[in-house]
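Novice: Pasting a structure here, questions to come.
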Amino acid sequence: MGKDRVGSNKGRRPGVVKETRKSSNRAFYIALAAVALGGIAVLSYLTTRSASRQVIEVDPTLPPVEAVGYVLGKADAPIEVLEFADFECPGCAQFAILTAPDVKQRLVETGQIRLRLMDFPLQMHRNAWTASLSAACANEQGKFWEMHDAIFAAQDRWNTQATGNPLKVMVELAGGIGLDVSQFANCVETRKYQANVQAHMKEAERRGVSATPSFIIGGKLIPGAIGYDTFKAYVDSALAGVSAPR
């Protein structure tokens, strides 16, 4: 038995086993160090990026512009519905995803109403400003409503709870709807349309809007993510008022 054990190492140079183990250990520790350094580098990068991000706030030095919003529908529609929305507001997302498609198909496309949306980013939603600027920059390329739908559909990916860097998701969404991503990113980062967003905010305040979403239909201020039937009832009342003899 002893001879068999000795014979099993026959032909092997002395110290080969030890050298192999040392080489393996050395490779393991080098790899471990590389992973650690890589992790530190990534952490450093993310920390730097986070530190460079700033919460966008109202800039009172910007020259005032007219609050025009974003319009969907025919210019000669008998009534206009004004919507004030915060892109980070869950209720606004609910309306945009569940109710707005019916509103567009059954009321806007049939010529009964014209919808004008103005964004109203609330202070509690830190990432809403980036979303508003992104929508405005998409509008620059003729795709506001496509971006509007994409932003609301992906709200859980870019909201304040999900990330401190919403622009990354916005760029992905912009690419997904066919925008020139370089032009889009530069537009958002330079806050090209901040004055426009601020004009919408001032219009909301002027009209007494304090919650999102809010709608003005036939002169009535209606807060909340109302369903289609309720929305249609307000529209029908407004249309009756327009067609009634005076």
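Please note that chains go A, B, ... in the order of the structure tokens, that every chain numbers its residues from 1, and that ligands are numbered from 1 in the order shown.
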Need to verify the contact set: Arg106 of chain A, 10 Å, only C-alpha atoms, exclusion of same-chain residues closer than 6 positions in sequence. Can you return it as a PDB file with N, CA and C atoms, in the first residue's frame?
Specialist:
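Result file is selection-v2.pdb:
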ATOM      1  N   ALA A 100     -57.598  58.392 -20.464  1.00  0.00           N
ATOM      2  CA  ALA A 100     -57.252  59.245 -21.604  1.00  0.00           C
ATOM      3  C   ALA A 100     -57.434  58.575 -22.964  1.00  0.00           C
ATOM      4  N   GLN A 112     -65.598  66.592 -30.582  1.00  0.00           N
ATOM      5  CA  GLN A 112     -66.442  67.173 -29.537  1.00  0.00           C
ATOM      6  C   GLN A 112     -65.650  68.093 -28.606  1.00  0.00           C
ATOM      7  N   ILE A 113     -64.394  67.753 -28.362  1.00  0.00           N
ATOM      8  CA  ILE A 113     -63.570  68.586 -27.483  1.00  0.00           C
ATOM      9  C   ILE A 113     -62.166  68.742 -28.067  1.00  0.00           C
ATOM     10  N   TYR A 228     -63.911  57.773 -17.190  1.00  0.00           N
ATOM     11  CA  TYR A 228     -64.445  58.268 -18.464  1.00  0.00           C
ATOM     12  C   TYR A 228     -65.905  58.717 -18.352  1.00  0.00           C
ATOM     13  N   LYS A 232     -67.108  62.344 -19.278  1.00  0.00           N
ATOM     14  CA  LYS A 232     -68.096  62.548 -20.361  1.00  0.00           C
ATOM     15  C   LYS A 232     -69.300  63.335 -19.865  1.00  0.00           C
TER      16      LYS A 232
END
Novice: Using DSSP on the backbone, list every residue of segment 61-245 of chain A that comes out as strand (DSSP E), and give them as a list in words.
Specialist: Tyr70, Val71, Leu72, Ile79, Glu80, Val81, Leu82, Glu83, Phe84, Ala85, Ile113, Arg114, Leu115, Arg116, Leu117, Met118, Asp119, Ser214, Phe215, Ile216, Ile217, Lys220, Leu221, Ile222 and Pro223 of chain A
Novice: I'd like to know which of A:Phe84, A:Phe120, A:Phe184, A:Tyr193 is closest to Ala136 of chain A, using only C-alpha atoms.
Specialist: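 Using only C-alpha atoms, Ala136 of chain A sits closest to A:Tyr193.
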Novice: Enter the distance from atom CA of Ala93 of chain A to atom CA of Phe152 of chain A, in Å, rounded to one decimal.
Specialist: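 Atom CA of Ala93 of chain A sits 5.2 Å away from atom CA of Phe152 of chain A.
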Novice: Near Leu167 of chain A, within 9 Å and counting only C-alpha atoms, which residues show up once chain neighbours fewer than 5 positions away are dropped, as a PyMOL selection string?
Specialist: chain A and resi 127+130-131+134+158+172+185+188-189
Novice: Write the residues of the selection above to a file with all heavy atoms, as a PDB file, in the first residue's frame.
Specialist:
ATOM      1  N   ASN A 127     -38.491  64.459  -9.254  1.00  0.00           N
ATOM      2  CA  ASN A 127     -38.142  64.101 -10.628  1.00  0.00           C
ATOM      3  C   ASN A 127     -39.154  64.591 -11.668  1.00  0.00           C
ATOM      4  O   ASN A 127     -38.954  64.393 -12.863  1.00  0.00           O
ATOM      5  CB  ASN A 127     -37.983  62.583 -10.750  1.00  0.00           C
ATOM      6  CG  ASN A 127     -36.760  62.069 -10.022  1.00  0.00           C
ATOM      7  OD1 ASN A 127     -35.936  62.845  -9.540  1.00  0.00           O
ATOM      8  ND2 ASN A 127     -36.632  60.759  -9.909  1.00  0.00           N
ATOM      9  N   THR A 130     -37.776  67.042 -14.394  1.00  0.00           N
ATOM     10  CA  THR A 130     -37.045  66.419 -15.505  1.00  0.00           C
ATOM     11  C   THR A 130     -38.024  65.834 -16.514  1.00  0.00           C
ATOM     12  O   THR A 130     -37.815  65.918 -17.730  1.00  0.00           O
ATOM     13  CB  THR A 130     -36.105  65.317 -14.990  1.00  0.00           C
ATOM     14  OG1 THR A 130     -35.137  65.907 -14.108  1.00  0.00           O
ATOM     15  CG2 THR A 130     -35.371  64.631 -16.134  1.00  0.00           C
ATOM     16  N   ALA A 131     -39.106  65.253 -16.026  1.00  0.00           N
ATOM     17  CA  ALA A 131     -40.124  64.694 -16.908  1.00  0.00           C
ATOM     18  C   ALA A 131     -40.797  65.794 -17.733  1.00  0.00           C
ATOM     19  O   ALA A 131     -41.040  65.628 -18.938  1.00  0.00           O
ATOM     20  CB  ALA A 131     -41.157  63.923 -16.095  1.00  0.00           C
ATOM     21  N   SER A 134     -38.457  66.955 -20.326  1.00  0.00           N
ATOM     22  CA  SER A 134     -38.328  65.915 -21.345  1.00  0.00           C
ATOM     23  C   SER A 134     -39.506  65.949 -22.310  1.00  0.00           C
ATOM     24  O   SER A 134     -39.340  65.801 -23.530  1.00  0.00           O
ATOM     25  CB  SER A 134     -38.237  64.538 -20.683  1.00  0.00           C
ATOM     26  OG  SER A 134     -37.068  64.434 -19.890  1.00  0.00           O
ATOM     27  N   TRP A 158     -38.730  55.809 -13.297  1.00  0.00           N
ATOM     28  CA  TRP A 158     -37.978  57.057 -13.196  1.00  0.00           C
ATOM     29  C   TRP A 158     -38.430  57.951 -12.041  1.00  0.00           C
ATOM     30  O   TRP A 158     -37.824  59.008 -11.812  1.00  0.00           O
ATOM     31  CB  TRP A 158     -38.084  57.851 -14.514  1.00  0.00           C
ATOM     32  CG  TRP A 158     -39.482  58.259 -14.865  1.00  0.00           C
ATOM     33  CD1 TRP A 158     -40.328  57.625 -15.713  1.00  0.00           C
ATOM     34  CD2 TRP A 158     -40.210  59.389 -14.358  1.00  0.00           C
ATOM     35  NE1 TRP A 158     -41.546  58.279 -15.778  1.00  0.00           N
ATOM     36  CE2 TRP A 158     -41.487  59.364 -14.943  1.00  0.00           C
ATOM     37  CE3 TRP A 158     -39.898  60.423 -13.468  1.00  0.00           C
ATOM     38  CZ2 TRP A 158     -42.456  60.324 -14.680  1.00  0.00           C
ATOM     39  CZ3 TRP A 158     -40.859  61.378 -13.190  1.00  0.00           C
ATOM     40  CH2 TRP A 158     -42.118  61.323 -13.794  1.00  0.00           C
ATOM     41  N   GLU A 172     -33.732  56.876 -22.699  1.00  0.00           N
ATOM     42  CA  GLU A 172     -34.158  55.583 -23.234  1.00  0.00           C
ATOM     43  C   GLU A 172     -35.543  55.689 -23.874  1.00  0.00           C
ATOM     44  O   GLU A 172     -35.789  55.144 -24.955  1.00  0.00           O
ATOM     45  CB  GLU A 172     -34.176  54.529 -22.126  1.00  0.00           C
ATOM     46  CG  GLU A 172     -32.800  54.172 -21.576  1.00  0.00           C
ATOM     47  CD  GLU A 172     -32.890  53.205 -20.408  1.00  0.00           C
ATOM     48  OE1 GLU A 172     -34.011  52.753 -20.087  1.00  0.00           O
ATOM     49  OE2 GLU A 172     -31.847  52.911 -19.802  1.00  0.00           O
ATOM     50  N   ALA A 185     -31.275  65.037 -25.368  1.00  0.00           N
ATOM     51  CA  ALA A 185     -30.530  65.097 -24.108  1.00  0.00           C
ATOM     52  C   ALA A 185     -29.969  66.488 -23.870  1.00  0.00           C
ATOM     53  O   ALA A 185     -30.018  67.011 -22.749  1.00  0.00           O
ATOM     54  CB  ALA A 185     -29.408  64.063 -24.117  1.00  0.00           C
ATOM     55  N   VAL A 188     -32.794  68.815 -22.720  1.00  0.00           N
ATOM     56  CA  VAL A 188     -33.201  68.630 -21.327  1.00  0.00           C
ATOM     57  C   VAL A 188     -32.139  69.152 -20.377  1.00  0.00           C
ATOM     58  O   VAL A 188     -32.433  69.865 -19.408  1.00  0.00           O
ATOM     59  CB  VAL A 188     -33.477  67.135 -21.024  1.00  0.00           C
ATOM     60  CG1 VAL A 188     -33.852  66.956 -19.554  1.00  0.00           C
ATOM     61  CG2 VAL A 188     -34.597  66.603 -21.906  1.00  0.00           C
ATOM     62  N   GLU A 189     -30.876  68.814 -20.633  1.00  0.00           N
ATOM     63  CA  GLU A 189     -29.791  69.196 -19.725  1.00  0.00           C
ATOM     64  C   GLU A 189     -29.612  70.705 -19.643  1.00  0.00           C
ATOM     65  O   GLU A 189     -29.217  71.234 -18.603  1.00  0.00           O
ATOM     66  CB  GLU A 189     -28.497  68.518 -20.155  1.00  0.00           C
ATOM     67  CG  GLU A 189     -28.499  67.011 -19.901  1.00  0.00           C
ATOM     68  CD  GLU A 189     -27.246  66.326 -20.414  1.00  0.00           C
ATOM     69  OE1 GLU A 189     -26.643  66.844 -21.387  1.00  0.00           O
ATOM     70  OE2 GLU A 189     -26.865  65.284 -19.851  1.00  0.00           O
TER      71      GLU A 189
END
Novice: Could you state the separation of atom CA of Gln123 of chain A and atom CA of Asp149 of chain A in Å, given to one decimal place?
Specialist: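 Interatomic distance here is 22.1 Å.
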Novice: Residues of segment 138-157 of chain A that have any atom at most 12 Å from an atom of segment 95-98 of chain A: could you tabulate them with the shortest-distance atom pair and the distance in Å to one decimal, using only C-alpha atoms, ordered by chain and increasing number, as JSON lines?
Specialist:
{"residue": "A:Trp145", "atom": "CA", "partner": "A:Ala96", "partner_atom": "CA", "distance": 10.7}
{"residue": "A:Glu146", "atom": "CA", "partner": "A:Ala96", "partner_atom": "CA", "distance": 11.8}
{"residue": "A:Met147", "atom": "CA", "partner": "A:Ala96", "partner_atom": "CA", "distance": 11.9}
{"residue": "A:His148", "atom": "CA", "partner": "A:Ala96", "partner_atom": "CA", "distance": 8.6}
{"residue": "A:Asp149", "atom": "CA", "partner": "A:Ala96", "partner_atom": "CA", "distance": 7.2}
{"residue": "A:Ala150", "atom": "CA", "partner": "A:Ile97", "partner_atom": "CA", "distance": 10.0}
{"residue": "A:Ile151", "atom": "CA", "partner": "A:Ala96", "partner_atom": "CA", "distance": 10.0}
{"residue": "A:Phe152", "atom": "CA", "partner": "A:Ala96", "partner_atom": "CA", "distance": 7.0}
{"residue": "A:Ala153", "atom": "CA", "partner": "A:Ile97", "partner_atom": "CA", "distance": 7.1}
{"residue": "A:Ala154", "atom": "CA", "partner": "A:Ile97", "partner_atom": "CA", "distance": 10.8}
{"residue": "A:Gln155", "atom": "CA", "partner": "A:Ile97", "partner_atom": "CA", "distance": 11.0}
Novice: Just give me the gap between atom CA of Glu80 of chain A and atom CA of Val242 of chain A in Å, one decimal is fine.
Specialist: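 Straight-line distance from atom CA of Glu80 of chain A to atom CA of Val242 of chain A works out to 11.3 Å.
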Novice: May I ask which of the residues A:Arg126, A:Lys220, A:Lys104, A:His200 is the closest one to Leu72 of chain A, counting only C-alpha atoms?
Specialist: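 Closest to Leu72 of chain A, using only C-alpha atoms: A:Lys104.
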Novice: Using only C-alpha atoms, which residues sit within 10 Å of Ile216 of chain A once same-chain residues fewer than 4 positions away are excluded, as a ChimeraX atom specification?
Specialist: /A:80-84,116,207,209,220-223,234
Novice: Print the selection's residues with C-alpha atoms to a file, as a PDB file, in the first residue's frame.
Specialist:
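As written to disk, selection_26.pdb reads:
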ATOM      1  CA  GLU A  80     -61.730  73.048 -24.804  1.00  0.00           C
ATOM      2  CA  VAL A  81     -60.813  70.887 -21.817  1.00  0.00           C
ATOM      3  CA  LEU A  82     -57.799  72.073 -19.874  1.00  0.00           C
ATOM      4  CA  GLU A  83     -55.821  69.459 -17.951  1.00  0.00           C
ATOM      5  CA  PHE A  84     -53.151  70.204 -15.351  1.00  0.00           C
ATOM      6  CA  ARG A 116     -54.993  71.266 -23.816  1.00  0.00           C
ATOM      7  CA  ARG A 207     -56.812  79.271 -11.898  1.00  0.00           C
ATOM      8  CA  VAL A 209     -55.386  74.523  -9.130  1.00  0.00           C
ATOM      9  CA  LYS A 220     -65.674  74.162 -13.794  1.00  0.00           C
ATOM     10  CA  LEU A 221     -62.560  73.084 -11.913  1.00  0.00           C
ATOM     11  CA  ILE A 222     -62.642  69.317 -11.335  1.00  0.00           C
ATOM     12  CA  PRO A 223     -59.828  67.763  -9.282  1.00  0.00           C
ATOM     13  CA  TYR A 234     -68.955  67.088 -17.524  1.00  0.00           C
TER      14      TYR A 234
END
Novice: Of the residues A:Pro121, A:Gly218, A:Pro166, A:Pro60, which is the one nearest to Ala233 of chain A, using only C-alpha atoms?
Specialist: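 Answer, going by the shortest atom-to-atom distance: A:Gly218.
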Novice: Would you please work out which residue, of A:Asp229, A:Glu66, A:Asp180, A:Asp156, is nearest to Gln198 of chain A when using only C-alpha atoms?
Specialist: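 Closest to Gln198 of chain A, using only C-alpha atoms: A:Glu66.
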Novice: Write down as a PyMOL selection string the residues belonging to segment 14-243 of chain A that are assigned helix (DSSP H, G or I) by DSSP computed on the backbone.
Specialist: chain A and resi 16-52+90-108+128-140+144-153+155-158+166-176+181-189+194-206+228-243
Novice: Go through A:Asp119, A:Ala67, A:Pro101, A:Pro78 one by one, measure the shortest atom-to-atom distance of each to Phe215 of chain A using only C-alpha atoms, and give the residue with the smallest value.
Specialist: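 Nearest candidate to Phe215 of chain A out of A:Asp119, A:Ala67, A:Pro101, A:Pro78: A:Asp119.
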